[in-house]
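Shown below: coords.txt, with compact mmCIF, C-alpha atoms and all ligand atoms.
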```txt
# COMPACT_ATOMS: atom_id res chain seq x y z
CA MET W 1 0.00 0.00 0.00
CA LYS W 2 1.35 3.42 -0.95
CA ILE W 3 1.59 5.84 1.91
CA SER W 4 -0.18 9.12 1.32
CA ILE W 5 1.65 11.86 3.13
CA ARG W 6 -1.22 14.18 2.31
CA ASP W 7 -3.84 11.92 3.95
CA ASN W 8 -1.57 11.33 6.93
CA LEU W 9 -1.07 15.06 7.50
CA LEU W 10 -4.81 15.71 7.26
CA ASP W 11 -5.46 12.93 9.75
CA ILE W 12 -2.87 14.31 12.18
CA GLU W 13 -4.27 17.82 11.84
CA GLU W 14 -7.74 16.56 12.72
CA LYS W 15 -6.42 14.65 15.73
CA ILE W 16 -4.52 17.72 16.93
CA ASN W 17 -7.63 19.87 16.70
CA LYS W 18 -9.77 17.34 18.54
CA ALA W 19 -7.20 16.97 21.31
CA LEU W 20 -7.04 20.76 21.65
CA ILE W 21 -10.80 20.91 22.01
CA ARG W 22 -10.77 18.17 24.66
CA ALA W 23 -8.15 20.20 26.51
CA GLY W 24 -10.17 23.40 26.28
CA ARG W 25 -7.45 24.93 24.08
CA GLU W 26 -9.37 25.29 20.84
CA GLY W 27 -7.52 27.27 18.18
CA GLU W 28 -4.15 27.24 19.98
CA LYS W 29 -1.07 26.51 17.92
CA VAL W 30 0.70 23.16 18.12
CA HIS W 31 3.99 23.14 16.24
CA LEU W 32 4.32 20.00 14.16
CA ILE W 33 7.89 18.80 13.69
CA ALA W 34 8.05 16.21 10.90
CA VAL W 35 10.66 13.68 12.01
CA THR W 36 12.58 12.81 8.87
CA LYS W 37 15.24 10.40 10.11
CA THR W 38 15.76 7.70 7.44
CA VAL W 39 13.27 9.51 5.13
CA ASP W 40 14.65 10.38 1.70
CA VAL W 41 14.77 13.90 0.34
CA ASP W 42 12.01 13.37 -2.24
CA ARG W 43 9.49 12.45 0.41
CA ILE W 44 10.66 15.29 2.64
CA ASN W 45 10.15 17.71 -0.24
CA GLU W 46 6.67 16.31 -0.76
CA ALA W 47 5.86 16.97 2.90
CA ILE W 48 7.24 20.49 2.53
CA ARG W 49 4.98 21.11 -0.48
CA LEU W 50 2.08 19.97 1.69
CA GLY W 51 2.86 22.58 4.31
CA ILE W 52 5.52 21.14 6.61
CA THR W 53 7.74 23.97 7.88
CA ASP W 54 9.89 22.19 10.47
CA ILE W 55 11.82 18.94 10.31
CA GLY W 56 13.52 16.96 13.04
CA GLU W 57 16.58 14.74 12.84
CA ASN W 58 18.31 12.74 15.54
CA ARG W 59 21.73 12.43 13.93
CA VAL W 60 24.03 15.32 13.12
CA GLN W 61 25.39 13.74 9.96
CA GLU W 62 21.95 13.15 8.49
CA LEU W 63 20.77 16.61 9.46
CA VAL W 64 23.74 18.28 7.79
CA LYS W 65 23.37 16.14 4.67
CA LYS W 66 19.71 17.08 4.29
CA TYR W 67 20.43 20.71 5.09
CA ASP W 68 22.88 20.84 2.20
CA ILE W 69 20.20 19.64 -0.22
CA ILE W 70 16.96 21.09 1.13
CA ASN W 71 18.50 24.18 2.65
CA ASP W 72 16.42 27.00 4.07
CA LYS W 73 13.01 25.89 2.84
CA VAL W 74 12.42 24.56 6.38
CA LYS W 75 13.64 24.92 9.92
CA TYR W 76 15.78 22.17 11.39
CA HIS W 77 15.38 20.66 14.84
CA MET W 78 17.99 18.49 16.50
CA ILE W 79 15.91 16.02 18.50
CA GLY W 80 18.46 13.32 19.31
CA HIS W 81 21.37 12.97 21.69
CA LEU W 82 24.01 15.52 20.73
CA GLN W 83 27.68 14.69 21.10
CA THR W 84 29.76 17.66 22.15
CA ASN W 85 32.29 17.17 19.35
CA LYS W 86 29.56 17.46 16.70
CA VAL W 87 28.16 20.80 17.84
CA LYS W 88 30.38 22.69 15.42
CA TYR W 89 28.73 21.04 12.40
CA LEU W 90 25.20 22.08 13.20
CA ILE W 91 25.38 25.23 15.28
CA ASP W 92 24.62 27.50 12.29
CA LYS W 93 22.01 25.18 10.76
CA VAL W 94 19.50 24.35 13.48
CA SER W 95 16.74 26.55 14.77
CA LEU W 96 16.13 24.55 17.95
CA ILE W 97 18.08 21.91 19.84
CA HIS W 98 15.70 19.71 21.86
CA SER W 99 18.32 17.70 23.67
CA LEU W 100 20.28 19.97 26.00
CA ASP W 101 20.99 17.65 28.92
CA ARG W 102 24.38 18.39 30.45
CA MET W 103 26.80 21.20 31.30
CA SER W 104 29.56 20.07 28.96
CA LEU W 105 27.12 20.42 26.06
CA ALA W 106 25.91 23.83 27.29
CA LYS W 107 29.50 25.00 27.45
CA GLU W 108 30.29 23.87 23.92
CA LEU W 109 27.03 25.30 22.51
CA ASN W 110 27.78 28.62 24.14
CA LYS W 111 31.30 28.68 22.77
CA ARG W 112 30.26 27.85 19.21
CA ALA W 113 27.26 30.19 19.26
CA GLN W 114 29.50 33.00 20.43
CA LYS W 115 31.90 32.30 17.58
CA HIS W 116 29.06 32.66 15.09
CA GLY W 117 27.67 35.70 16.85
CA ILE W 118 24.31 34.04 17.50
CA ILE W 119 22.15 32.96 20.39
CA ILE W 120 21.23 29.30 20.15
CA ASP W 121 17.72 28.25 21.12
CA THR W 122 17.46 25.07 23.16
CA LEU W 123 15.08 22.89 25.09
CA VAL W 124 16.17 21.03 28.19
CA GLN W 125 15.58 17.31 27.76
CA VAL W 126 14.01 15.70 30.80
CA ASN W 127 13.91 11.99 31.50
CA VAL W 128 10.66 12.27 33.42
CA ALA W 129 10.09 8.54 33.83
CA ASP W 130 13.73 8.05 34.87
CA GLU W 131 14.30 5.34 32.28
CA GLU W 132 17.74 3.78 32.25
CA SER W 133 17.88 3.74 28.45
CA LYS W 134 17.04 7.40 27.91
CA PHE W 135 19.02 10.60 27.92
CA GLY W 136 17.88 13.68 29.77
CA LEU W 137 18.02 15.18 33.23
CA ARG W 138 15.93 13.83 36.03
CA VAL W 139 13.10 16.13 37.09
CA GLU W 140 14.85 17.27 40.27
CA GLU W 141 18.03 18.14 38.35
CA VAL W 142 16.37 20.56 35.93
CA ILE W 143 16.12 23.73 38.01
CA PRO W 144 19.71 23.61 39.31
CA PHE W 145 20.84 22.96 35.72
CA ILE W 146 18.91 25.95 34.38
CA GLU W 147 20.43 28.11 37.08
CA ASP W 148 23.92 27.05 36.00
CA VAL W 149 23.18 27.70 32.32
CA GLN W 150 22.22 31.30 33.24
CA ASP W 151 25.88 32.20 32.95
CA TYR W 152 25.99 31.32 29.26
CA GLU W 153 24.89 34.37 27.34
CA HIS W 154 24.71 32.68 23.96
CA ILE W 155 22.21 30.04 25.04
CA ARG W 156 18.51 30.69 25.37
CA ILE W 157 16.30 28.07 26.97
CA LYS W 158 12.95 28.03 25.21
CA GLY W 159 11.27 25.17 27.05
CA LEU W 160 11.41 21.50 27.91
CA MET W 161 11.37 18.26 25.95
CA THR W 162 10.65 14.69 26.95
CA ILE W 163 10.30 11.28 25.36
CA ALA W 164 7.69 9.21 27.15
CA PRO W 165 8.16 5.47 27.66
CA PHE W 166 6.68 3.41 24.86
CA VAL W 167 3.50 1.78 26.10
CA GLU W 168 0.44 0.13 24.59
CA ASP W 169 -2.02 1.99 26.77
CA LYS W 170 -1.35 5.71 26.37
CA GLU W 171 -3.08 6.50 29.64
CA GLU W 172 -0.04 5.01 31.36
CA VAL W 173 2.13 7.91 30.22
CA ARG W 174 -0.30 10.75 30.84
CA TRP W 175 1.45 11.49 34.16
CA VAL W 176 4.77 11.97 32.33
CA PHE W 177 3.36 14.80 30.22
CA ARG W 178 1.55 16.29 33.18
CA ARG W 179 4.74 16.27 35.21
CA LEU W 180 6.71 18.07 32.49
CA ARG W 181 3.97 20.68 32.19
CA GLN W 182 4.04 21.27 35.97
CA LEU W 183 7.80 21.62 35.89
CA SER W 184 7.60 24.18 33.10
CA GLU W 185 5.05 26.21 35.08
CA GLU W 186 7.31 26.11 38.10
CA ILE W 187 10.25 27.37 36.04
CA LYS W 188 8.11 30.10 34.48
CA GLY W 189 7.20 31.28 37.96
CA ARG W 190 10.85 31.76 38.81
CA GLY W 191 11.35 34.35 36.08
CA TYR W 192 14.88 33.44 34.99
CA GLU W 193 16.46 35.84 32.55
CA ASN W 194 17.58 33.71 29.59
CA VAL W 195 14.64 31.37 29.95
CA ASP W 196 11.23 31.55 28.46
CA MET W 197 9.12 28.45 28.75
CA GLU W 198 7.52 28.90 25.36
CA PHE W 199 7.67 25.30 24.16
CA LEU W 200 6.72 21.96 25.61
CA SER W 201 8.09 19.46 23.11
CA MET W 202 6.24 16.27 23.94
CA GLY W 203 4.26 13.75 21.96
CA MET W 204 5.22 11.37 19.15
CA THR W 205 3.17 9.13 16.84
CA ASN W 206 2.11 6.83 19.64
CA ASP W 207 1.11 9.40 22.23
CA PHE W 208 0.72 12.92 20.78
CA GLU W 209 -2.98 13.22 21.51
CA VAL W 210 -2.49 12.58 25.21
CA ALA W 211 0.50 14.94 25.20
CA ILE W 212 -1.62 17.73 23.71
CA GLU W 213 -4.36 17.09 26.25
CA GLU W 214 -1.69 17.65 28.90
CA GLY W 215 -0.39 20.89 27.42
CA SER W 216 2.05 20.06 24.64
CA ASN W 217 2.50 22.74 21.98
CA MET W 218 5.23 21.02 19.97
CA ILE W 219 4.94 17.44 18.73
CA ARG W 220 7.55 15.36 16.93
CA ILE W 221 5.94 12.97 14.45
CA GLY W 222 7.67 10.54 12.12
CA THR W 223 5.80 7.28 11.59
CA ALA W 224 2.31 8.79 11.37
CA ILE W 225 3.48 11.02 8.50
CA PHE W 226 5.95 8.87 6.56
CA GLY W 227 5.03 5.33 7.61
CA GLU W 228 7.14 2.77 9.45
CA ARG W 229 10.90 3.34 9.33
CA LYS W 230 13.06 0.57 7.88
C1 LIG W 301 12.10 9.14 16.10
C2 LIG W 301 11.75 10.20 17.06
C3 LIG W 301 10.46 10.78 17.08
C4 LIG W 301 9.34 10.35 16.16
O1 LIG W 301 8.89 9.07 16.45
P1 LIG W 301 7.59 8.45 15.77
O2 LIG W 301 7.13 7.44 16.73
O3 LIG W 301 8.03 7.87 14.47
O4 LIG W 301 6.60 9.55 15.57
C5 LIG W 301 10.21 11.78 18.00
N1 LIG W 301 11.17 12.20 18.86
C6 LIG W 301 12.40 11.68 18.88
C7 LIG W 301 13.40 12.19 19.86
C8 LIG W 301 12.73 10.66 18.00
O5 LIG W 301 13.96 10.13 18.02
```
The structure given in the file should be rewritten as structure tokens.
Amino acid sequence: MKISIRDNLLDIEEKINKALIRAGREGEKVHLIAVTKTVDVDRINEAIRLGITDIGENRVQELVKKYDIINDKVKYHMIGHLQTNKVKYLIDKVSLIHSLDRMSLAKELNKRAQKHGIIIDTLVQVNVADEESKFGLRVEEVIPFIEDVQDYEHIRIKGLMTIAPFVEDKEEVRWVFRRLRQLSEEIKGRGYENVDMEFLSMGMTNDFEVAIEEGSNMIRIGTAIFGERK
């Protein structure tokens, strides 16, 4: 069966709108990041023609490769674990890094951003469910981390990101999204200078509707747009 990116996007849009209504957030904007890892450039271009404005990659090499071909037709999001020694390749290409999770990375991002004369936008990745296999700070580490990052003038923290555990019953991960939302409210209340909690990046193919019900305004969707990855 041929996958229709157009039908998939329409279906996702409808689900987003319904979830917003259930959450009493009708008409609010949810940023849709099309996750294009392993997806070829032709299909990415098709998605762009259909209205996609933001794409997400989890590997630096693949992001840079696609950037060189597709260029500034879209915004690029780094959604995967970021090795410090690869920062230099993407610092001038990404519009948002979703995976800030340690001081050594903050330091390198700050240094490279300074070199380019830019301020790099980031999200702090939080391992809400404290899963062994996942990157990200534990909930209780986030506020001290943000306070430390205050010293870096070339980094702006724009919100939080999490990857929920993969479960069959989505209700099982509702608490994860709720917890991240609470944490972002708490941080907002503290009024840090280089921090604005504009984005809550949570929700993937399996769980984006629940994430939106719990306050997500940025979802990262691969499979539901492009089909199963090989
Ligand atoms: C692959 C990936 C996604 C998208 O996953 P799907 O289940 O295909 O929608 C979202 N976020 C991150 C960090 C990913 O690595």
Using only C-alpha atoms, find all polymer residues with an atom at most 12 Å away from the point (1.3, 18.4, 3.6); report them as number ranges by chain. W: 4-13, 32, 34, 43-54, 225-226
Considering all atoms listed in the file, can you say which of W:Ile33, W:Val149, W:Ile187, W:Met197 comes closest to ligand LIG 301 (chain W)?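 For ligand LIG 301 (chain W), the nearest of the given residues is W:Ile33.
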Just checking: using all atoms listed in the file, which residue out of W:Lys93, W:Asp169, W:Gln182, W:Ala19 ends up closest to Ala211 (chain W)?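 The answer is W:Ala19, which sits nearest to Ala211 (chain W).
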Ligand LIG 301 (chain W): which residues are within 9 Å, counting all atoms listed in the file, as an mmCIF file with C-alpha atoms, in the frame of the given file?
```cif
data_model
loop_
_atom_site.group_PDB
_atom_site.id
_atom_site.type_symbol
_atom_site.label_atom_id
_atom_site.label_comp_id
_atom_site.auth_asym_id
_atom_site.auth_seq_id
_atom_site.Cartn_x
_atom_site.Cartn_y
_atom_site.Cartn_z
ATOM 1 C CA ILE W 33 7.890 18.800 13.690
ATOM 2 C CA ALA W 34 8.050 16.210 10.900
ATOM 3 C CA VAL W 35 10.660 13.680 12.010
ATOM 4 C CA THR W 36 12.580 12.810 8.870
ATOM 5 C CA LYS W 37 15.240 10.400 10.110
ATOM 6 C CA GLY W 56 13.520 16.960 13.040
ATOM 7 C CA GLU W 57 16.580 14.740 12.840
ATOM 8 C CA ASN W 58 18.310 12.740 15.540
ATOM 9 C CA MET W 78 17.990 18.490 16.500
ATOM 10 C CA ILE W 79 15.910 16.020 18.500
ATOM 11 C CA GLY W 80 18.460 13.320 19.310
ATOM 12 C CA HIS W 81 21.370 12.970 21.690
ATOM 13 C CA HIS W 98 15.700 19.710 21.860
ATOM 14 C CA SER W 99 18.320 17.700 23.670
ATOM 15 C CA MET W 161 11.370 18.260 25.950
ATOM 16 C CA THR W 162 10.650 14.690 26.950
ATOM 17 C CA ILE W 163 10.300 11.280 25.360
ATOM 18 C CA SER W 201 8.090 19.460 23.110
ATOM 19 C CA MET W 202 6.240 16.270 23.940
ATOM 20 C CA GLY W 203 4.260 13.750 21.960
ATOM 21 C CA MET W 204 5.220 11.370 19.150
ATOM 22 C CA THR W 205 3.170 9.130 16.840
ATOM 23 C CA ASN W 206 2.110 6.830 19.640
ATOM 24 C CA ASP W 207 1.110 9.400 22.230
ATOM 25 C CA PHE W 208 0.720 12.920 20.780
ATOM 26 C CA ILE W 219 4.940 17.440 18.730
ATOM 27 C CA ARG W 220 7.550 15.360 16.930
ATOM 28 C CA ILE W 221 5.940 12.970 14.450
ATOM 29 C CA GLY W 222 7.670 10.540 12.120
ATOM 30 C CA THR W 223 5.800 7.280 11.590
ATOM 31 C CA ALA W 224 2.310 8.790 11.370
ATOM 32 C CA ILE W 225 3.480 11.020 8.500
ATOM 33 C CA PHE W 226 5.950 8.870 6.560
ATOM 34 C CA GLY W 227 5.030 5.330 7.610
ATOM 35 C CA GLU W 228 7.140 2.770 9.450
ATOM 36 C CA ARG W 229 10.900 3.340 9.330
#
```
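Between CA of Asp101 (chain W) and CA of His154 (chain W) the interatomic distance comes to 16.3 Å.
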Expressed in Å, the length from CA of Gly136 (chain W) to CA of Val124 (chain W) is 7.7 Å
Pick from W:Lys134, W:Glu171, W:Leu183, W:Ile91, whichever lies nearest to Gly117 (chain W) using all atoms listed in the file: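 Selected residue with least distance to Gly117 (chain W): W:Ile91.
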Rank W:Glu172, W:Asp151, W:Asp40, W:Asp92 by their smallest atom-to-atom distance to Lys115 (chain W), using all atoms listed in the file, and report the top residue only.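 Answer, going by the shortest atom-to-atom distance: W:Asp92.
The closest residue to Val195 (chain W), picked from W:Arg181, W:Arg156, W:Arg174, W:Lys18 and counting all atoms listed in the file, is W:Arg156.
Shortest atom-to-atom contact with Lys15 (chain W) among W:Arg102, W:Asp196, W:Val167, W:Ile212: W:Ile212, counting all atoms listed in the file.
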Write out as JSON an axis-aligned box for region 22-28 of chain W: all of its atoms listed in the file, 6 Å added on each side, centre and edge lengths in Å with one decimal.
```
{"center_x": -7.5, "center_y": 22.7, "center_z": 22.3, "size_x": 18.6, "size_y": 21.1, "size_z": 20.3}
```
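Separating CA of Gln125 (chain W) from CA of Val176 (chain W) is a distance of 12.9 Å.
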Within 6 Å of (17.9, 21.9, 12.1), in the coordinates the file gives, what residues turn up when you count only C-alpha atoms, written out as a PyMOL selection string? chain W and resi 75-78+93-95
Near-Ala113 (chain W) list (10 Å; only C-alpha atoms; drop same-chain fewer than 4 positions) as JSON, numbers by chain: {"W": [87, 88, 91, 92, 107, 108, 109, 117, 118, 119, 120, 121, 153, 154, 155]}
